[in-house]
file query20.json (JSON, C-alpha atoms and all ligand atoms)
[["chain", "number", "residue", "atom", "x", "y", "z"],
["A", 5, "MET", "CA", 97.96, 102.77, 100.32],
["A", 6, "ALA", "CA", 96.87, 106.35, 100.79],
["A", 7, "GLU", "CA", 98.10, 108.56, 103.59],
["A", 8, "GLN", "CA", 95.64, 108.78, 106.42],
["A", 9, "ALA", "CA", 95.38, 112.53, 106.59],
["A", 10, "GLU", "CA", 93.71, 113.17, 109.89],
["A", 11, "GLN", "CA", 95.64, 110.65, 111.93],
["A", 12, "HIS", "CA", 99.21, 110.87, 110.70],
["A", 13, "GLU", "CA", 99.74, 114.37, 109.42],
["A", 14, "HIS", "CA", 100.50, 115.82, 112.80],
["A", 15, "ASP", "CA", 102.62, 113.22, 114.51],
["A", 16, "GLU", "CA", 104.79, 115.48, 116.63],
["A", 17, "ASN", "CA", 108.11, 113.81, 116.22],
["A", 18, "PRO", "CA", 110.86, 116.02, 114.86],
["A", 19, "ASN", "CA", 113.38, 113.18, 114.54],
["A", 20, "PRO", "CA", 111.45, 110.02, 113.76],
["A", 21, "LYS", "CA", 113.28, 106.73, 113.88],
["A", 22, "VAL", "CA", 113.73, 105.31, 110.40],
["A", 23, "ILE", "CA", 113.92, 101.62, 109.54],
["A", 24, "GLY", "CA", 115.15, 101.19, 105.99],
["A", 25, "GLU", "CA", 116.83, 103.46, 103.53],
["A", 26, "GLU", "CA", 115.45, 106.48, 101.73],
["A", 27, "PRO", "CA", 115.42, 105.94, 97.97],
["A", 28, "ASP", "CA", 117.64, 107.99, 95.65],
["A", 29, "LEU", "CA", 115.15, 110.48, 94.27],
["A", 30, "THR", "CA", 117.45, 111.57, 91.45],
["A", 31, "LYS", "CA", 116.37, 108.27, 89.84],
["A", 32, "GLY", "CA", 113.04, 107.23, 88.40],
["A", 33, "THR", "CA", 109.96, 108.93, 87.05],
["A", 34, "ALA", "CA", 106.46, 109.10, 88.47],
["A", 35, "ARG", "CA", 103.87, 107.21, 86.47],
["A", 36, "PRO", "CA", 100.07, 107.56, 86.53],
["A", 37, "ILE", "CA", 98.10, 105.37, 88.92],
["A", 38, "THR", "CA", 95.68, 102.66, 87.78],
["A", 39, "VAL", "CA", 92.24, 102.79, 89.39],
["A", 40, "VAL", "CA", 89.56, 100.30, 90.38],
["A", 41, "GLY", "CA", 88.13, 98.65, 87.26],
["A", 42, "ASN", "CA", 91.51, 98.30, 85.53],
["A", 43, "PRO", "CA", 91.97, 94.51, 85.05],
["A", 44, "VAL", "CA", 95.60, 94.58, 86.26],
["A", 45, "LEU", "CA", 94.31, 95.42, 89.76],
["A", 46, "HIS", "CA", 91.87, 92.54, 89.89],
["A", 47, "ARG", "CA", 94.04, 89.49, 89.31],
["A", 48, "GLU", "CA", 97.17, 87.99, 90.81],
["A", 49, "VAL", "CA", 100.22, 89.44, 89.07],
["A", 50, "LYS", "CA", 103.33, 87.50, 88.12],
["A", 51, "ASP", "CA", 106.29, 86.51, 90.27],
["A", 52, "VAL", "CA", 109.49, 88.40, 89.56],
["A", 53, "THR", "CA", 112.08, 86.08, 88.04],
["A", 54, "ALA", "CA", 114.66, 88.54, 86.61],
["A", 55, "PHE", "CA", 116.71, 90.53, 89.11],
["A", 56, "ASP", "CA", 118.25, 93.09, 86.79],
["A", 57, "GLY", "CA", 118.53, 96.77, 86.02],
["A", 58, "GLU", "CA", 115.00, 96.84, 84.73],
["A", 59, "LEU", "CA", 113.73, 95.73, 88.13],
["A", 60, "SER", "CA", 115.78, 98.42, 89.89],
["A", 61, "ALA", "CA", 114.40, 101.01, 87.49],
["A", 62, "LEU", "CA", 110.86, 99.81, 88.22],
["A", 63, "ILE", "CA", 111.43, 100.24, 91.97],
["A", 64, "ASP", "CA", 112.78, 103.77, 91.38],
["A", 65, "ASP", "CA", 109.65, 104.62, 89.36],
["A", 66, "MET", "CA", 107.43, 103.11, 92.05],
["A", 67, "PHE", "CA", 108.93, 105.29, 94.79],
["A", 68, "GLN", "CA", 108.56, 108.37, 92.58],
["A", 69, "SER", "CA", 104.96, 107.44, 91.78],
["A", 70, "MET", "CA", 104.11, 106.79, 95.43],
["A", 71, "TYR", "CA", 105.57, 110.14, 96.56],
["A", 72, "ALA", "CA", 103.95, 112.05, 93.68],
["A", 73, "ALA", "CA", 100.58, 110.66, 94.78],
["A", 74, "GLU", "CA", 101.38, 111.17, 98.48],
["A", 75, "GLY", "CA", 100.89, 107.52, 99.26],
["A", 76, "VAL", "CA", 102.53, 105.44, 101.96],
["A", 77, "GLY", "CA", 102.66, 102.23, 99.91],
["A", 78, "LEU", "CA", 102.41, 101.26, 96.25],
["A", 79, "ALA", "CA", 102.11, 97.94, 94.41],
["A", 80, "ALA", "CA", 103.48, 97.49, 90.88],
["A", 81, "ASN", "CA", 100.06, 96.85, 89.36],
["A", 82, "GLN", "CA", 99.07, 100.30, 90.57],
["A", 83, "ILE", "CA", 101.32, 101.66, 87.83],
["A", 84, "GLY", "CA", 100.13, 98.94, 85.45],
["A", 85, "VAL", "CA", 103.08, 96.56, 85.85],
["A", 86, "ASP", "CA", 102.29, 92.84, 86.03],
["A", 87, "LEU", "CA", 104.88, 91.92, 88.67],
["A", 88, "LYS", "CA", 104.87, 91.14, 92.40],
["A", 89, "VAL", "CA", 106.67, 94.19, 93.81],
["A", 90, "PHE", "CA", 105.60, 96.74, 96.39],
["A", 91, "VAL", "CA", 107.29, 99.74, 97.94],
["A", 92, "TYR", "CA", 106.48, 101.58, 101.16],
["A", 93, "ASP", "CA", 107.38, 104.64, 103.18],
["A", 94, "CYS", "CA", 104.99, 104.32, 106.04],
["A", 95, "PRO", "CA", 104.80, 105.26, 109.72],
["A", 96, "ASP", "CA", 103.69, 102.82, 112.39],
["A", 97, "ASP", "CA", 101.67, 103.86, 115.42],
["A", 98, "GLU", "CA", 104.85, 104.57, 117.41],
["A", 99, "GLY", "CA", 106.05, 107.12, 114.86],
["A", 100, "VAL", "CA", 108.73, 104.86, 113.40],
["A", 101, "ARG", "CA", 109.10, 105.42, 109.67],
["A", 102, "HIS", "CA", 109.50, 102.24, 107.61],
["A", 103, "ILE", "CA", 110.96, 102.47, 104.08],
["A", 104, "GLY", "CA", 111.65, 99.66, 101.64],
["A", 105, "HIS", "CA", 110.49, 97.30, 98.94],
["A", 106, "VAL", "CA", 109.43, 93.64, 98.88],
["A", 107, "ILE", "CA", 109.44, 91.34, 95.85],
["A", 108, "ASN", "CA", 107.30, 88.19, 95.64],
["A", 109, "PRO", "CA", 105.83, 88.81, 99.12],
["A", 110, "LYS", "CA", 104.03, 86.11, 101.07],
["A", 111, "LEU", "CA", 102.11, 86.80, 104.24],
["A", 112, "GLU", "CA", 103.21, 84.84, 107.26],
["A", 113, "ASP", "CA", 100.61, 83.09, 109.33],
["A", 114, "TYR", "CA", 99.92, 85.11, 112.43],
["A", 115, "PRO", "CA", 100.83, 83.69, 115.78],
["A", 116, "ALA", "CA", 97.61, 82.45, 117.35],
["A", 117, "ASP", "CA", 97.82, 84.87, 120.26],
["A", 118, "ARG", "CA", 97.90, 87.87, 117.93],
["A", 119, "ARG", "CA", 95.35, 86.70, 115.41],
["A", 120, "ARG", "CA", 92.34, 88.10, 117.20],
["A", 121, "VAL", "CA", 93.80, 91.53, 117.90],
["A", 122, "LEU", "CA", 92.21, 93.81, 115.36],
["A", 123, "ASP", "CA", 92.74, 97.49, 114.73],
["A", 124, "ASP", "CA", 89.75, 99.45, 113.59],
["A", 125, "GLY", "CA", 91.19, 102.04, 111.31],
["A", 126, "ASN", "CA", 90.54, 104.22, 108.37],
["A", 127, "GLU", "CA", 91.93, 102.90, 105.12],
["A", 128, "GLY", "CA", 92.39, 104.42, 101.70],
["A", 129, "CYS", "CA", 94.03, 103.42, 98.43],
["A", 130, "LEU", "CA", 95.62, 105.43, 95.64],
["A", 131, "SER", "CA", 93.67, 103.21, 93.22],
["A", 132, "VAL", "CA", 90.38, 104.25, 94.84],
["A", 133, "PRO", "CA", 91.12, 107.98, 94.84],
["A", 134, "THR", "CA", 89.55, 110.27, 97.45],
["A", 135, "ALA", "CA", 87.70, 107.43, 99.22],
["A", 136, "TYR", "CA", 88.21, 106.19, 102.77],
["A", 137, "ALA", "CA", 86.51, 103.51, 104.81],
["A", 138, "GLU", "CA", 86.82, 101.84, 108.18],
["A", 139, "LEU", "CA", 88.32, 98.37, 107.89],
["A", 140, "ALA", "CA", 89.41, 96.12, 110.74],
["A", 141, "ARG", "CA", 92.86, 94.59, 110.20],
["A", 142, "PRO", "CA", 95.17, 92.53, 112.36],
["A", 143, "ASP", "CA", 97.50, 94.81, 114.34],
["A", 144, "PHE", "CA", 100.52, 92.74, 113.35],
["A", 145, "ALA", "CA", 101.75, 91.45, 110.01],
["A", 146, "ALA", "CA", 104.90, 89.90, 108.61],
["A", 147, "VAL", "CA", 105.81, 89.22, 105.00],
["A", 148, "THR", "CA", 108.66, 87.25, 103.56],
["A", 149, "GLY", "CA", 110.04, 87.76, 100.08],
["A", 150, "VAL", "CA", 113.23, 88.87, 98.40],
["A", 151, "ASP", "CA", 114.91, 92.20, 97.69],
["A", 152, "LYS", "CA", 115.92, 93.53, 94.26],
["A", 153, "ASP", "CA", 119.09, 91.45, 94.36],
["A", 154, "GLY", "CA", 117.12, 88.29, 95.10],
["A", 155, "ARG", "CA", 118.19, 88.05, 98.74],
["A", 156, "PRO", "CA", 115.57, 86.71, 101.17],
["A", 157, "ILE", "CA", 114.00, 89.35, 103.39],
["A", 158, "ARG", "CA", 111.35, 89.49, 106.07],
["A", 159, "VAL", "CA", 109.46, 92.65, 107.02],
["A", 160, "GLU", "CA", 107.16, 92.89, 110.00],
["A", 161, "GLY", "CA", 105.08, 95.68, 111.35],
["A", 162, "THR", "CA", 102.43, 96.76, 113.82],
["A", 163, "GLY", "CA", 99.54, 99.18, 113.71],
["A", 164, "PHE", "CA", 99.30, 101.36, 110.61],
["A", 165, "PHE", "CA", 102.40, 99.74, 109.09],
["A", 166, "ALA", "CA", 100.89, 96.26, 109.52],
["A", 167, "ARG", "CA", 97.84, 97.59, 107.68],
["A", 168, "CYS", "CA", 100.15, 98.78, 104.88],
["A", 169, "LEU", "CA", 101.93, 95.41, 104.54],
["A", 170, "LEU", "CA", 98.60, 93.60, 104.36],
["A", 171, "HIS", "CA", 97.11, 96.13, 101.92],
["A", 172, "GLU", "CA", 100.08, 96.05, 99.51],
["A", 173, "THR", "CA", 100.42, 92.27, 99.56],
["A", 174, "ASP", "CA", 96.68, 91.98, 98.86],
["A", 175, "HIS", "CA", 97.13, 94.20, 95.78],
["A", 176, "LEU", "CA", 99.59, 91.76, 94.22],
["A", 177, "TYR", "CA", 97.05, 88.96, 94.61],
["A", 178, "GLY", "CA", 94.29, 91.05, 93.00],
["A", 179, "THR", "CA", 92.46, 92.20, 96.11],
["A", 180, "LEU", "CA", 91.60, 95.82, 96.90],
["A", 181, "TYR", "CA", 90.67, 96.92, 100.40],
["A", 182, "ILE", "CA", 87.17, 97.78, 99.16],
["A", 183, "ASP", "CA", 86.74, 94.08, 98.29],
["A", 184, "LYS", "CA", 86.92, 93.41, 102.05],
["A", 185, "LEU", "CA", 84.17, 95.88, 102.93],
["A", 186, "SER", "CA", 80.47, 95.20, 103.35],
["A", 187, "LYS", "CA", 78.41, 95.72, 100.23],
["A", 188, "ARG", "CA", 77.13, 99.02, 101.56],
["A", 189, "ASP", "CA", 80.55, 100.36, 102.59],
["A", 190, "ARG", "CA", 82.02, 99.32, 99.24],
["A", 191, "LYS", "CA", 79.29, 101.19, 97.44],
["A", 192, "ASP", "CA", 79.91, 104.22, 99.63],
["A", 193, "ALA", "CA", 83.66, 104.15, 98.87],
["A", 194, "LEU", "CA", 82.93, 104.00, 95.15],
["A", 195, "ARG", "CA", 80.54, 106.92, 95.54],
["A", 196, "GLN", "CA", 83.25, 108.94, 97.33],
["A", 197, "MET", "CA", 85.59, 108.12, 94.47],
["A", 198, "ALA", "CA", 83.03, 109.17, 91.84],
["A", 199, "GLU", "CA", 82.46, 112.48, 93.61],
["A", 200, "GLY", "CA", 86.12, 113.31, 94.26],
["A", 201, "THR", "CA", 88.98, 114.50, 92.09],
["A", 202, "PRO", "CA", 92.37, 112.84, 92.60],
["A", 203, "ARG", "CA", 95.33, 115.15, 93.22],
["A", 204, "TYR", "CA", 97.56, 112.97, 91.03],
["A", 205, "ALA", "CA", 97.60, 111.52, 87.53],
["A", 206, "THR", "CA", 95.53, 108.38, 86.97],
["A", 207, "VAL", "CA", 95.22, 105.93, 84.09],
["A", 208, "PRO", "CA", 91.74, 106.25, 82.54],
["A", 209, "ASN", "CA", 89.75, 103.01, 82.41],
["A", 210, "GLU", "CA", 88.57, 101.90, 78.99],
["B", 1, "ZN", "ZN", 96.10, 100.39, 97.53]]
call {"tool": "encode", "arguments": {"input": "query20.json", "output": "structure tokens"}}
result
Amino acid sequence: MAEQAEQHEHDENPNPKVIGEEPDLTKGTARPITVVGNPVLHREVKDVTAFDGELSALIDDMFQSMYAAEGVGLAANQIGVDLKVFVYDCPDDEGVRHIGHVINPKLEDYPADRRRVLDDGNEGCLSVPTAYAELARPDFAAVTGVDKDGRPIRVEGTGFFARCLLHETDHLYGTLYIDKLSKRDRKDALRQMAEGTPRYATVPNE
């Protein structure tokens, strides 16, 4: 997911609380980002079954790619990899910074009392460069999955971080946020993308 420039750039919090661990940025290499139209973004990708050094190296590359593109979340198919992995380094609305990765994520059903609480917010995606659109999302989300060692994990979030968890999980099942927009808003997002120039390397579509 793309950073939400106007809302999160100026959070005045000199010592934000951090949940998770910052990645080792001496590892990994940034890769170019796939964009809307690339088939790998439009289908469900595969479950991870091998928990090995290759998977760790993929996660390192994903963090590097996300930071290079100034994103707050990245799914593996956004660097062209057909595996259910996402990484995030994303603030919530209380200024808490969440950092981590989830493998084979599944969204939990929302508790009934929270299901109707929607946040209207601006959303963007590194795979739809330079476009933003308003999209209502639940203000709470929880995903279960495993970490790179195959241990079960659960990650939950509110506000902007809930939006991130939903957005990244959607990616791994082949859904982009623009697929959830009205026809007109989707067209407008694609127009913004056509008119803009991404500040990071992208994979050209064939
Ligand atoms: Zn995205």
call {"tool": "atom_distance", "arguments": {"input": "query20.json", "atom1": "atom CA of Arg141 of chain A", "atom2": "atom CA of Gly75 of chain A"}}
result
18.7 Å
call {"tool": "residues_around", "arguments": {"input": "query20.json", "residues": "Ser186 of chain A", "least_positions_apart": "6", "cutoff": "12 Å", "atoms": "all atoms listed in the file", "output": "ChimeraX atom specification"}}
result
/A:137-140,192-193
call {"tool": "residues_near_ligand", "arguments": {"input": "query20.json", "ligand": "ligand ZN 1 (chain B)", "cutoff": "7 Å", "atoms": "only C-alpha atoms and all ligand atoms", "output": "PDB file with C-alpha atoms, in the frame of the given file"}}
result
ATOM      1  CA  MET A   5      97.960 102.770 100.320  1.00  0.00           C
ATOM      2  CA  ALA A   6      96.870 106.350 100.790  1.00  0.00           C
ATOM      3  CA  LEU A  78     102.410 101.260  96.250  1.00  0.00           C
ATOM      4  CA  GLY A 128      92.390 104.420 101.700  1.00  0.00           C
ATOM      5  CA  CYS A 129      94.030 103.420  98.430  1.00  0.00           C
ATOM      6  CA  LEU A 130      95.620 105.430  95.640  1.00  0.00           C
ATOM      7  CA  SER A 131      93.670 103.210  93.220  1.00  0.00           C
ATOM      8  CA  HIS A 171      97.110  96.130 101.920  1.00  0.00           C
ATOM      9  CA  GLU A 172     100.080  96.050  99.510  1.00  0.00           C
ATOM     10  CA  HIS A 175      97.130  94.200  95.780  1.00  0.00           C
ATOM     11  CA  LEU A 180      91.600  95.820  96.900  1.00  0.00           C
TER      12      LEU A 180
END
call {"tool": "residues_around", "arguments": {"input": "query20.json", "residues": "Ala34 of chain A", "least_positions_apart": "4", "cutoff": "6 Å", "atoms": "only C-alpha atoms", "output": "PDB file with C-alpha atoms, in the frame of the given file"}}
result
ATOM      1  CA  ASP A  65     109.650 104.620  89.360  1.00  0.00           C
ATOM      2  CA  GLN A  68     108.560 108.370  92.580  1.00  0.00           C
ATOM      3  CA  SER A  69     104.960 107.440  91.780  1.00  0.00           C
TER       4      SER A  69
END
call {"tool": "atom_distance", "arguments": {"input": "query20.json", "atom1": "atom CA of Ala72 of chain A", "atom2": "atom CA of Leu45 of chain A"}}
result
19.6 Å
call {"tool": "build_atoms", "arguments": {"input": "query20.json", "residues": "segment 108-143 of chain A", "atoms": "N, CA and C atoms", "output": "CSV table (one decimal), in the coordinates of the input"}}
result
chain,number,residue,atom,x,y,z
A,108,ASN,N,107.9,89.5,95.4
A,108,ASN,CA,107.3,88.2,95.6
A,108,ASN,C,106.9,88.0,97.1
A,109,PRO,N,106.2,88.9,97.7
A,109,PRO,CA,105.8,88.8,99.1
A,109,PRO,C,104.8,87.7,99.4
A,110,LYS,N,105.0,87.1,100.6
A,110,LYS,CA,104.0,86.1,101.1
A,110,LYS,C,103.7,86.5,102.5
A,111,LEU,N,102.5,86.5,102.9
A,111,LEU,CA,102.1,86.8,104.2
A,111,LEU,C,102.4,85.6,105.1
A,112,GLU,N,103.0,85.9,106.3
A,112,GLU,CA,103.2,84.8,107.3
A,112,GLU,C,101.9,84.6,108.0
A,113,ASP,N,101.7,83.4,108.4
A,113,ASP,CA,100.6,83.1,109.3
A,113,ASP,C,100.8,83.8,110.6
A,114,TYR,N,99.8,84.4,111.2
A,114,TYR,CA,99.9,85.1,112.4
A,114,TYR,C,100.0,84.1,113.6
A,115,PRO,N,100.8,84.5,114.6
A,115,PRO,CA,100.8,83.7,115.8
A,115,PRO,C,99.4,83.7,116.4
A,116,ALA,N,99.0,82.6,116.9
A,116,ALA,CA,97.6,82.4,117.4
A,116,ALA,C,97.2,83.5,118.4
A,117,ASP,N,98.2,83.9,119.2
A,117,ASP,CA,97.8,84.9,120.3
A,117,ASP,C,97.6,86.3,119.7
A,118,ARG,N,98.1,86.5,118.5
A,118,ARG,CA,97.9,87.9,117.9
A,118,ARG,C,96.8,87.9,116.9
A,119,ARG,N,96.3,86.7,116.5
A,119,ARG,CA,95.4,86.7,115.4
A,119,ARG,C,94.1,87.5,115.7
A,120,ARG,N,93.6,87.5,116.9
A,120,ARG,CA,92.3,88.1,117.2
A,120,ARG,C,92.4,89.6,117.5
A,121,VAL,N,93.7,90.1,117.6
A,121,VAL,CA,93.8,91.5,117.9
A,121,VAL,C,93.6,92.3,116.6
A,122,LEU,N,92.5,93.1,116.6
A,122,LEU,CA,92.2,93.8,115.4
A,122,LEU,C,92.3,95.3,115.6
A,123,ASP,N,92.8,96.0,114.7
A,123,ASP,CA,92.7,97.5,114.7
A,123,ASP,C,91.6,97.9,113.9
A,124,ASP,N,90.7,98.8,114.4
A,124,ASP,CA,89.8,99.4,113.6
A,124,ASP,C,90.4,100.7,113.1
A,125,GLY,N,90.5,100.8,111.8
A,125,GLY,CA,91.2,102.0,111.3
A,125,GLY,C,90.6,102.4,110.0
A,126,ASN,N,91.0,103.7,109.6
A,126,ASN,CA,90.5,104.2,108.4
A,126,ASN,C,91.5,103.8,107.3
A,127,GLU,N,91.0,103.4,106.2
A,127,GLU,CA,91.9,102.9,105.1
A,127,GLU,C,91.6,103.6,103.8
A,128,GLY,N,92.6,103.9,103.0
A,128,GLY,CA,92.4,104.4,101.7
A,128,GLY,C,93.4,103.8,100.7
A,129,CYS,N,93.2,104.0,99.4
A,129,CYS,CA,94.0,103.4,98.4
A,129,CYS,C,94.2,104.4,97.3
A,130,LEU,N,95.4,104.5,96.8
A,130,LEU,CA,95.6,105.4,95.6
A,130,LEU,C,94.8,105.0,94.4
A,131,SER,N,94.4,103.7,94.3
A,131,SER,CA,93.7,103.2,93.2
A,131,SER,C,92.2,103.4,93.4
A,132,VAL,N,91.8,103.9,94.6
A,132,VAL,CA,90.4,104.2,94.8
A,132,VAL,C,90.4,105.7,95.3
A,133,PRO,N,90.8,106.6,94.4
A,133,PRO,CA,91.1,108.0,94.8
A,133,PRO,C,90.0,108.7,95.6
A,134,THR,N,90.4,109.4,96.6
A,134,THR,CA,89.6,110.3,97.4
A,134,THR,C,88.5,109.5,98.3
A,135,ALA,N,88.6,108.2,98.4
A,135,ALA,CA,87.7,107.4,99.2
A,135,ALA,C,88.4,106.9,100.4
A,136,TYR,N,87.7,106.8,101.5
A,136,TYR,CA,88.2,106.2,102.8
A,136,TYR,C,87.1,105.4,103.4
A,137,ALA,N,87.5,104.3,104.1
A,137,ALA,CA,86.5,103.5,104.8
A,137,ALA,C,87.2,102.9,106.0
A,138,GLU,N,86.4,102.6,107.0
A,138,GLU,CA,86.8,101.8,108.2
A,138,GLU,C,87.0,100.4,107.8
A,139,LEU,N,88.1,99.8,108.1
A,139,LEU,CA,88.3,98.4,107.9
A,139,LEU,C,89.2,97.8,109.0
A,140,ALA,N,88.7,96.8,109.7
A,140,ALA,CA,89.4,96.1,110.7
A,140,ALA,C,90.5,95.3,110.1
A,141,ARG,N,91.7,95.4,110.6
A,141,ARG,CA,92.9,94.6,110.2
A,141,ARG,C,93.6,94.1,111.4
A,142,PRO,N,94.3,93.0,111.3
A,142,PRO,CA,95.2,92.5,112.4
A,142,PRO,C,96.2,93.6,112.7
A,143,ASP,N,96.6,93.7,114.0
A,143,ASP,CA,97.5,94.8,114.3
A,143,ASP,C,99.0,94.4,114.2
